[in-house]
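*Asks:* Have a look at this one before I ask anything.
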Amino acid sequence: MTAKFVGRSVPRLEDRPLLLGQGRFAADISFPGQWHMRVVRSGIAHGKIKSIDASATLKLPGVHAVWTAADIAQANKALAVAIKDFDADEP
Amino acid sequence: MSAKSDITLTINGRAHAIHVEPRRTLADAIREDCGQTGTHIGCEHGICGACTVIVDGEPVRSCLMFAVQAAGKKIGTVEGLANGDTLHPMQQAFMDHHGLQCGFCTPGFLMLAVGVLEREPDISDDDLLDVLSSNLCRCTGYQNIIKAVRAAAKTMRGK
């Protein structure tokens, strides 16, 4: 019996759309009314964040939300537990 | 300074009437205003070459050109390479030689290589490698891209 996949090159199904410019990458997807997000990084290379005041930004037209670490505290907690569990699995 | 102007971009032979600010890059206009998302934007400052398109026969980085500068010119993008169901020899060669993995940089490489070989079919191998070194790929390690372009160059010269 000849192996169908083992020991030979298999043509990739994704090549054709990618070569034709029909790939769908994240930036190619556009829903009606889609919002855009920008990560704002500190302009200071080494410092301590004491507080973040987003009030001026929130007043700008078209700004829907500003998220800081405080807004995702719950998610961060879950992630911290997951990392801890992962560490515990290490021999 | 941000007054919009009406311009027409001719992409792969099709006219797109658009209304853009002077600061709109050609890359953004092609993708956002004309809906042709095959042209990819990687670095947005002329380093990676993912956004390469052909403008009046010259490969250009569309993130470094304003849309208004391309008005009235002939623009070629990856969507215009194939002839119906038949892949362009360059596209076929990339498939045959595994010149792509994730495919993000591929449209830029295709347009760069096709643009250069159409302008200079008998380009030396050294010069071809020099040209290809202007685009970045983070998957393939370049060897298969070089193989693919060399093979396609042969096919294109044979025509």
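By order in the structure tokens, chains are A, B, ...; within a chain, residues start at 1; ligands start at 1, following the order shown.
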Please, which residues of chain A lie no more than 12 Å from chain B when the count uses only C-alpha atoms, and can they be set out as JSON, numbers by chain?
*Replies:* {"A": [9, 10, 11, 12, 13, 14, 15, 16, 17, 18, 19, 20, 21, 22, 23, 24, 25, 26, 27, 28, 29, 30]}
*Asks:* May I have the selected residues written with N, CA and C atoms, as a PDB file, in the first residue's frame?
*Replies:*
```
ATOM      1  N   SER A   9       5.872  14.970   0.082  1.00  0.00           N
ATOM      2  CA  SER A   9       5.367  16.328   0.274  1.00  0.00           C
ATOM      3  C   SER A   9       3.889  16.373  -0.057  1.00  0.00           C
ATOM      4  N   VAL A  10       3.160  17.084   0.759  1.00  0.00           N
ATOM      5  CA  VAL A  10       1.722  17.219   0.546  1.00  0.00           C
ATOM      6  C   VAL A  10       1.429  18.674   0.201  1.00  0.00           C
ATOM      7  N   PRO A  11       0.754  18.929  -0.927  1.00  0.00           N
ATOM      8  CA  PRO A  11       0.447  20.324  -1.273  1.00  0.00           C
ATOM      9  C   PRO A  11      -0.418  20.968  -0.187  1.00  0.00           C
ATOM     10  N   ARG A  12      -0.085  22.203   0.166  1.00  0.00           N
ATOM     11  CA  ARG A  12      -0.823  22.880   1.242  1.00  0.00           C
ATOM     12  C   ARG A  12      -2.107  23.505   0.701  1.00  0.00           C
ATOM     13  N   LEU A  13      -3.199  23.306   1.422  1.00  0.00           N
ATOM     14  CA  LEU A  13      -4.489  23.833   0.992  1.00  0.00           C
ATOM     15  C   LEU A  13      -4.531  25.361   1.083  1.00  0.00           C
ATOM     16  N   GLU A  14      -3.726  25.914   2.011  1.00  0.00           N
ATOM     17  CA  GLU A  14      -3.809  27.353   2.249  1.00  0.00           C
ATOM     18  C   GLU A  14      -2.988  28.182   1.271  1.00  0.00           C
ATOM     19  N   ASP A  15      -2.110  27.531   0.490  1.00  0.00           N
ATOM     20  CA  ASP A  15      -1.219  28.301  -0.386  1.00  0.00           C
ATOM     21  C   ASP A  15      -1.972  29.146  -1.414  1.00  0.00           C
ATOM     22  N   ARG A  16      -2.950  28.539  -2.071  1.00  0.00           N
ATOM     23  CA  ARG A  16      -3.605  29.231  -3.175  1.00  0.00           C
ATOM     24  C   ARG A  16      -4.271  30.556  -2.743  1.00  0.00           C
ATOM     25  N   PRO A  17      -5.138  30.520  -1.723  1.00  0.00           N
ATOM     26  CA  PRO A  17      -5.706  31.809  -1.304  1.00  0.00           C
ATOM     27  C   PRO A  17      -4.651  32.814  -0.847  1.00  0.00           C
ATOM     28  N   LEU A  18      -3.598  32.322  -0.184  1.00  0.00           N
ATOM     29  CA  LEU A  18      -2.558  33.251   0.286  1.00  0.00           C
ATOM     30  C   LEU A  18      -1.816  33.888  -0.891  1.00  0.00           C
ATOM     31  N   LEU A  19      -1.606  33.107  -1.953  1.00  0.00           N
ATOM     32  CA  LEU A  19      -0.890  33.615  -3.121  1.00  0.00           C
ATOM     33  C   LEU A  19      -1.754  34.546  -3.967  1.00  0.00           C
ATOM     34  N   LEU A  20      -3.066  34.405  -3.837  1.00  0.00           N
ATOM     35  CA  LEU A  20      -3.978  35.240  -4.624  1.00  0.00           C
ATOM     36  C   LEU A  20      -4.372  36.526  -3.892  1.00  0.00           C
ATOM     37  N   GLY A  21      -3.859  36.705  -2.677  1.00  0.00           N
ATOM     38  CA  GLY A  21      -4.227  37.888  -1.903  1.00  0.00           C
ATOM     39  C   GLY A  21      -5.575  37.729  -1.238  1.00  0.00           C
ATOM     40  N   GLN A  22      -6.032  36.472  -1.107  1.00  0.00           N
ATOM     41  CA  GLN A  22      -7.346  36.232  -0.502  1.00  0.00           C
ATOM     42  C   GLN A  22      -7.243  35.723   0.931  1.00  0.00           C
ATOM     43  N   GLY A  23      -6.033  35.758   1.499  1.00  0.00           N
ATOM     44  CA  GLY A  23      -5.884  35.371   2.899  1.00  0.00           C
ATOM     45  C   GLY A  23      -6.674  36.340   3.767  1.00  0.00           C
ATOM     46  N   ARG A  24      -7.131  35.866   4.914  1.00  0.00           N
ATOM     47  CA  ARG A  24      -7.858  36.784   5.812  1.00  0.00           C
ATOM     48  C   ARG A  24      -7.090  36.900   7.111  1.00  0.00           C
ATOM     49  N   PHE A  25      -6.297  37.953   7.232  1.00  0.00           N
ATOM     50  CA  PHE A  25      -5.546  38.213   8.460  1.00  0.00           C
ATOM     51  C   PHE A  25      -6.394  39.143   9.331  1.00  0.00           C
ATOM     52  N   ALA A  26      -6.011  39.275  10.594  1.00  0.00           N
ATOM     53  CA  ALA A  26      -6.847  40.046  11.537  1.00  0.00           C
ATOM     54  C   ALA A  26      -7.173  41.433  10.999  1.00  0.00           C
ATOM     55  N   ALA A  27      -6.169  42.112  10.412  1.00  0.00           N
ATOM     56  CA  ALA A  27      -6.388  43.485   9.949  1.00  0.00           C
ATOM     57  C   ALA A  27      -7.276  43.548   8.705  1.00  0.00           C
ATOM     58  N   ASP A  28      -7.539  42.391   8.082  1.00  0.00           N
ATOM     59  CA  ASP A  28      -8.363  42.383   6.866  1.00  0.00           C
ATOM     60  C   ASP A  28      -9.852  42.288   7.190  1.00  0.00           C
ATOM     61  N   ILE A  29     -10.154  42.041   8.456  1.00  0.00           N
ATOM     62  CA  ILE A  29     -11.553  41.839   8.848  1.00  0.00           C
ATOM     63  C   ILE A  29     -12.136  43.168   9.315  1.00  0.00           C
ATOM     64  N   SER A  30     -13.278  43.520   8.748  1.00  0.00           N
ATOM     65  CA  SER A  30     -13.899  44.793   9.091  1.00  0.00           C
ATOM     66  C   SER A  30     -15.406  44.619   9.221  1.00  0.00           C
TER      67      SER A  30
END
```
*Asks:* Give me, as a PyMOL selection string, all polymer residues having an atom no more than 12 Å from Arg61 of chain B, counting only C-alpha atoms and skipping those fewer than 5 positions away in the same chain.
*Replies:* chain B and resi 25-28+39-55+66-67+70+75+77+107-109+111-112+115+134-135
*Asks:* Can I get the selected residues back with N, CA and C atoms, as an mmCIF file, in the first residue's frame?
*Replies:*
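Ended up saving to out29.cif:
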```cif
data_model
loop_
_atom_site.group_PDB
_atom_site.id
_atom_site.type_symbol
_atom_site.label_atom_id
_atom_site.label_comp_id
_atom_site.auth_asym_id
_atom_site.auth_seq_id
_atom_site.Cartn_x
_atom_site.Cartn_y
_atom_site.Cartn_z
ATOM 1 N N THR B 25 -1.913 57.225 3.209
ATOM 2 C CA THR B 25 -0.902 56.498 2.444
ATOM 3 C C THR B 25 -1.588 55.665 1.355
ATOM 4 N N LEU B 26 -0.795 55.343 0.338
ATOM 5 C CA LEU B 26 -1.337 54.518 -0.741
ATOM 6 C C LEU B 26 -1.769 53.161 -0.189
ATOM 7 N N ALA B 27 -0.974 52.622 0.757
ATOM 8 C CA ALA B 27 -1.297 51.312 1.345
ATOM 9 C C ALA B 27 -2.667 51.354 2.017
ATOM 10 N N ASP B 28 -2.913 52.377 2.834
ATOM 11 C CA ASP B 28 -4.204 52.483 3.519
ATOM 12 C C ASP B 28 -5.340 52.687 2.514
ATOM 13 N N THR B 39 -2.890 43.405 -0.259
ATOM 14 C CA THR B 39 -1.679 44.166 0.052
ATOM 15 C C THR B 39 -1.604 44.323 1.568
ATOM 16 N N HIS B 40 -0.507 43.857 2.161
ATOM 17 C CA HIS B 40 -0.415 43.860 3.622
ATOM 18 C C HIS B 40 0.478 44.977 4.152
ATOM 19 N N ILE B 41 0.164 45.429 5.351
ATOM 20 C CA ILE B 41 0.965 46.464 5.995
ATOM 21 C C ILE B 41 1.673 45.840 7.188
ATOM 22 N N GLY B 42 3.002 45.780 7.111
ATOM 23 C CA GLY B 42 3.758 45.180 8.205
ATOM 24 C C GLY B 42 4.295 46.232 9.140
ATOM 25 N N CYS B 43 5.265 47.007 8.668
ATOM 26 C CA CYS B 43 5.984 47.927 9.569
ATOM 27 C C CYS B 43 5.513 49.363 9.444
ATOM 28 N N GLU B 44 4.896 49.709 8.352
ATOM 29 C CA GLU B 44 4.432 51.078 8.092
ATOM 30 C C GLU B 44 5.558 52.103 8.020
ATOM 31 N N HIS B 45 6.799 51.677 7.868
ATOM 32 C CA HIS B 45 7.850 52.677 7.646
ATOM 33 C C HIS B 45 8.942 52.212 6.680
ATOM 34 N N GLY B 46 8.512 51.445 5.692
ATOM 35 C CA GLY B 46 9.412 51.172 4.574
ATOM 36 C C GLY B 46 10.521 50.172 4.821
ATOM 37 N N ILE B 47 10.426 49.381 5.869
ATOM 38 C CA ILE B 47 11.490 48.422 6.154
ATOM 39 C C ILE B 47 11.142 47.027 5.638
ATOM 40 N N CYS B 48 9.908 46.594 5.844
ATOM 41 C CA CYS B 48 9.597 45.174 5.625
ATOM 42 C C CYS B 48 9.194 44.819 4.200
ATOM 43 N N GLY B 49 8.649 45.764 3.465
ATOM 44 C CA GLY B 49 8.294 45.497 2.069
ATOM 45 C C GLY B 49 7.008 44.714 1.857
ATOM 46 N N ALA B 50 6.279 44.412 2.928
ATOM 47 C CA ALA B 50 5.037 43.631 2.778
ATOM 48 C C ALA B 50 4.011 44.365 1.914
ATOM 49 N N CYS B 51 4.091 45.683 1.881
ATOM 50 C CA CYS B 51 3.088 46.492 1.177
ATOM 51 C C CYS B 51 3.478 46.802 -0.259
ATOM 52 N N THR B 52 4.531 46.133 -0.764
ATOM 53 C CA THR B 52 5.015 46.442 -2.117
ATOM 54 C C THR B 52 3.934 46.227 -3.182
ATOM 55 N N VAL B 53 3.746 47.248 -4.007
ATOM 56 C CA VAL B 53 2.842 47.159 -5.162
ATOM 57 C C VAL B 53 3.612 47.704 -6.363
ATOM 58 N N ILE B 54 3.060 47.556 -7.554
ATOM 59 C CA ILE B 54 3.731 48.072 -8.752
ATOM 60 C C ILE B 54 2.992 49.330 -9.217
ATOM 61 N N VAL B 55 3.712 50.452 -9.283
ATOM 62 C CA VAL B 55 3.115 51.708 -9.743
ATOM 63 C C VAL B 55 3.831 52.130 -11.030
ATOM 64 N N PHE B 66 2.011 58.549 -0.843
ATOM 65 C CA PHE B 66 0.659 59.013 -0.546
ATOM 66 C C PHE B 66 -0.271 58.600 -1.682
ATOM 67 N N ALA B 67 -1.523 58.369 -1.323
ATOM 68 C CA ALA B 67 -2.505 57.965 -2.328
ATOM 69 C C ALA B 67 -2.601 59.009 -3.435
ATOM 70 N N ALA B 70 -0.360 58.692 -6.358
ATOM 71 C CA ALA B 70 -0.585 57.573 -7.272
ATOM 72 C C ALA B 70 -1.816 57.803 -8.149
ATOM 73 N N ILE B 75 -1.698 51.031 -11.068
ATOM 74 C CA ILE B 75 -1.280 50.329 -9.850
ATOM 75 C C ILE B 75 -1.566 48.831 -10.016
ATOM 76 N N THR B 77 -1.559 45.155 -7.960
ATOM 77 C CA THR B 77 -1.467 44.503 -6.647
ATOM 78 C C THR B 77 -1.555 42.988 -6.848
ATOM 79 N N PRO B 107 2.516 38.616 -0.637
ATOM 80 C CA PRO B 107 2.132 39.560 -1.691
ATOM 81 C C PRO B 107 3.237 40.581 -1.991
ATOM 82 N N GLY B 108 3.936 41.038 -0.960
ATOM 83 C CA GLY B 108 5.034 41.988 -1.161
ATOM 84 C C GLY B 108 6.166 41.377 -1.962
ATOM 85 N N PHE B 109 6.537 40.143 -1.611
ATOM 86 C CA PHE B 109 7.607 39.462 -2.356
ATOM 87 C C PHE B 109 7.191 39.222 -3.806
ATOM 88 N N MET B 111 5.062 40.910 -5.685
ATOM 89 C CA MET B 111 5.028 42.141 -6.470
ATOM 90 C C MET B 111 6.439 42.688 -6.699
ATOM 91 N N LEU B 112 7.285 42.535 -5.695
ATOM 92 C CA LEU B 112 8.682 42.973 -5.851
ATOM 93 C C LEU B 112 9.353 42.184 -6.976
ATOM 94 N N GLY B 115 7.704 42.768 -10.440
ATOM 95 C CA GLY B 115 8.004 44.125 -10.908
ATOM 96 C C GLY B 115 9.419 44.228 -11.438
ATOM 97 N N SER B 134 15.579 43.217 0.103
ATOM 98 C CA SER B 134 14.895 44.414 0.600
ATOM 99 C C SER B 134 13.572 44.093 1.281
ATOM 100 N N ASN B 135 13.108 42.846 1.206
ATOM 101 C CA ASN B 135 11.859 42.488 1.892
ATOM 102 C C ASN B 135 12.141 41.495 3.022
#
```
*Asks:* In Å, how far is it from atom CA of Ile146 of chain B to atom CA of Arg8 of chain A?
*Replies:*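 Interatomic distance here is 22.3 Å.
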*Asks:* Could you work out how far atom CA of Thr57 of chain A lies from atom CA of Arg38 of chain A, giving the answer in Å with one decimal?
*Replies:*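 Distance between the two atoms: 12.5 Å.
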*Asks:* Considering only C-alpha atoms, return as a list in words whatever protein or nucleic-acid residues lie within 8 Å of Asp6 of chain B, sequence-local ones (same chain, fewer than 3 positions apart) excluded.
*Replies:*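 So, after excluding close chain neighbours, the residues are Ala17, Ile18, His19 and Val20 of chain B.
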*Asks:* Store the residues picked out above, limited to N, CA and C atoms, as a PDB file, in the first residue's frame.
*Replies:*
```pdb
ATOM      1  N   ALA B  17     -12.912  55.470  -7.501  1.00  0.00           N
ATOM      2  CA  ALA B  17     -13.029  56.886  -7.156  1.00  0.00           C
ATOM      3  C   ALA B  17     -13.084  56.992  -5.641  1.00  0.00           C
ATOM      4  N   ILE B  18     -12.118  57.689  -5.050  1.00  0.00           N
ATOM      5  CA  ILE B  18     -12.082  57.787  -3.584  1.00  0.00           C
ATOM      6  C   ILE B  18     -11.888  59.234  -3.149  1.00  0.00           C
ATOM      7  N   HIS B  19     -12.159  59.463  -1.872  1.00  0.00           N
ATOM      8  CA  HIS B  19     -12.168  60.794  -1.291  1.00  0.00           C
ATOM      9  C   HIS B  19     -11.237  60.723  -0.088  1.00  0.00           C
ATOM     10  N   VAL B  20     -10.012  61.247  -0.212  1.00  0.00           N
ATOM     11  CA  VAL B  20      -9.013  61.020   0.847  1.00  0.00           C
ATOM     12  C   VAL B  20      -8.257  62.289   1.255  1.00  0.00           C
TER      13      VAL B  20
END
```
*Asks:* List every residue of chain A that DSSP, applied to the backbone of this structure, assigns to alpha helix (DSSP H), and report them as a list in words.
*Replies:* Asp15, Arg16, Pro17, Leu18, Leu19, Ser55, Ala56, Thr57, Leu58, Ala73, Gln74, Ala75, Asn76, Lys77, Ala78, Leu79, Ala80, Val81, Ala82, Ile83, Lys84, Asp85, Phe86, Asp87, Ala88 and Asp89 of chain A
*Asks:* Save out the residues we just selected, N, CA and C atoms, as an mmCIF file, in the first residue's frame.
*Replies:*
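And here is the file that came out, selection_33.cif:
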```
data_model
loop_
_atom_site.group_PDB
_atom_site.id
_atom_site.type_symbol
_atom_site.label_atom_id
_atom_site.label_comp_id
_atom_site.auth_asym_id
_atom_site.auth_seq_id
_atom_site.Cartn_x
_atom_site.Cartn_y
_atom_site.Cartn_z
ATOM 1 N N ASP A 15 -2.110 27.531 0.490
ATOM 2 C CA ASP A 15 -1.219 28.301 -0.386
ATOM 3 C C ASP A 15 -1.972 29.146 -1.414
ATOM 4 N N ARG A 16 -2.950 28.539 -2.071
ATOM 5 C CA ARG A 16 -3.605 29.231 -3.175
ATOM 6 C C ARG A 16 -4.271 30.556 -2.743
ATOM 7 N N PRO A 17 -5.138 30.520 -1.723
ATOM 8 C CA PRO A 17 -5.706 31.809 -1.304
ATOM 9 C C PRO A 17 -4.651 32.814 -0.847
ATOM 10 N N LEU A 18 -3.598 32.322 -0.184
ATOM 11 C CA LEU A 18 -2.558 33.251 0.286
ATOM 12 C C LEU A 18 -1.816 33.888 -0.891
ATOM 13 N N LEU A 19 -1.606 33.107 -1.953
ATOM 14 C CA LEU A 19 -0.890 33.615 -3.121
ATOM 15 C C LEU A 19 -1.754 34.546 -3.967
ATOM 16 N N SER A 55 -9.269 60.844 32.062
ATOM 17 C CA SER A 55 -10.485 61.658 31.923
ATOM 18 C C SER A 55 -10.474 62.541 30.670
ATOM 19 N N ALA A 56 -9.315 63.116 30.335
ATOM 20 C CA ALA A 56 -9.248 63.984 29.149
ATOM 21 C C ALA A 56 -9.486 63.163 27.884
ATOM 22 N N THR A 57 -8.910 61.958 27.837
ATOM 23 C CA THR A 57 -9.076 61.080 26.663
ATOM 24 C C THR A 57 -10.531 60.696 26.488
ATOM 25 N N LEU A 58 -11.186 60.359 27.600
ATOM 26 C CA LEU A 58 -12.576 59.917 27.523
ATOM 27 C C LEU A 58 -13.509 61.009 27.003
ATOM 28 N N ALA A 73 -8.519 43.429 36.223
ATOM 29 C CA ALA A 73 -7.930 42.825 37.428
ATOM 30 C C ALA A 73 -8.374 41.371 37.587
ATOM 31 N N GLN A 74 -9.677 41.094 37.305
ATOM 32 C CA GLN A 74 -10.203 39.734 37.463
ATOM 33 C C GLN A 74 -9.488 38.771 36.517
ATOM 34 N N ALA A 75 -9.374 39.219 35.254
ATOM 35 C CA ALA A 75 -8.729 38.380 34.240
ATOM 36 C C ALA A 75 -7.265 38.139 34.609
ATOM 37 N N ASN A 76 -6.620 39.165 35.102
ATOM 38 C CA ASN A 76 -5.217 39.024 35.508
ATOM 39 C C ASN A 76 -5.076 37.996 36.624
ATOM 40 N N LYS A 77 -6.056 37.986 37.550
ATOM 41 C CA LYS A 77 -6.016 37.058 38.683
ATOM 42 C C LYS A 77 -6.090 35.621 38.166
ATOM 43 N N ALA A 78 -6.995 35.386 37.196
ATOM 44 C CA ALA A 78 -7.164 34.050 36.614
ATOM 45 C C ALA A 78 -5.865 33.615 35.935
ATOM 46 N N LEU A 79 -5.242 34.556 35.240
ATOM 47 C CA LEU A 79 -4.007 34.259 34.534
ATOM 48 C C LEU A 79 -2.899 33.902 35.527
ATOM 49 N N ALA A 80 -2.848 34.644 36.630
ATOM 50 C CA ALA A 80 -1.818 34.395 37.633
ATOM 51 C C ALA A 80 -1.960 32.990 38.202
ATOM 52 N N VAL A 81 -3.215 32.556 38.432
ATOM 53 C CA VAL A 81 -3.473 31.211 38.956
ATOM 54 C C VAL A 81 -3.016 30.171 37.935
ATOM 55 N N ALA A 82 -3.345 30.432 36.652
ATOM 56 C CA ALA A 82 -2.986 29.492 35.588
ATOM 57 C C ALA A 82 -1.473 29.322 35.517
ATOM 58 N N ILE A 83 -0.745 30.428 35.627
ATOM 59 C CA ILE A 83 0.715 30.366 35.555
ATOM 60 C C ILE A 83 1.265 29.606 36.752
ATOM 61 N N LYS A 84 0.657 29.828 37.914
ATOM 62 C CA LYS A 84 1.080 29.149 39.130
ATOM 63 C C LYS A 84 0.891 27.627 38.985
ATOM 64 N N ASP A 85 -0.297 27.250 38.426
ATOM 65 C CA ASP A 85 -0.567 25.827 38.217
ATOM 66 C C ASP A 85 0.433 25.231 37.252
ATOM 67 N N PHE A 86 0.737 25.993 36.224
ATOM 68 C CA PHE A 86 1.657 25.522 35.201
ATOM 69 C C PHE A 86 3.024 25.270 35.832
ATOM 70 N N ASP A 87 3.447 26.219 36.676
ATOM 71 C CA ASP A 87 4.741 26.082 37.370
ATOM 72 C C ASP A 87 4.767 24.827 38.249
ATOM 73 N N ALA A 88 3.599 24.564 38.901
ATOM 74 C CA ALA A 88 3.525 23.426 39.810
ATOM 75 C C ALA A 88 3.715 22.101 39.070
ATOM 76 N N ASP A 89 3.330 22.116 37.747
ATOM 77 C CA ASP A 89 3.459 20.887 36.952
ATOM 78 C C ASP A 89 4.903 20.585 36.570
#
```
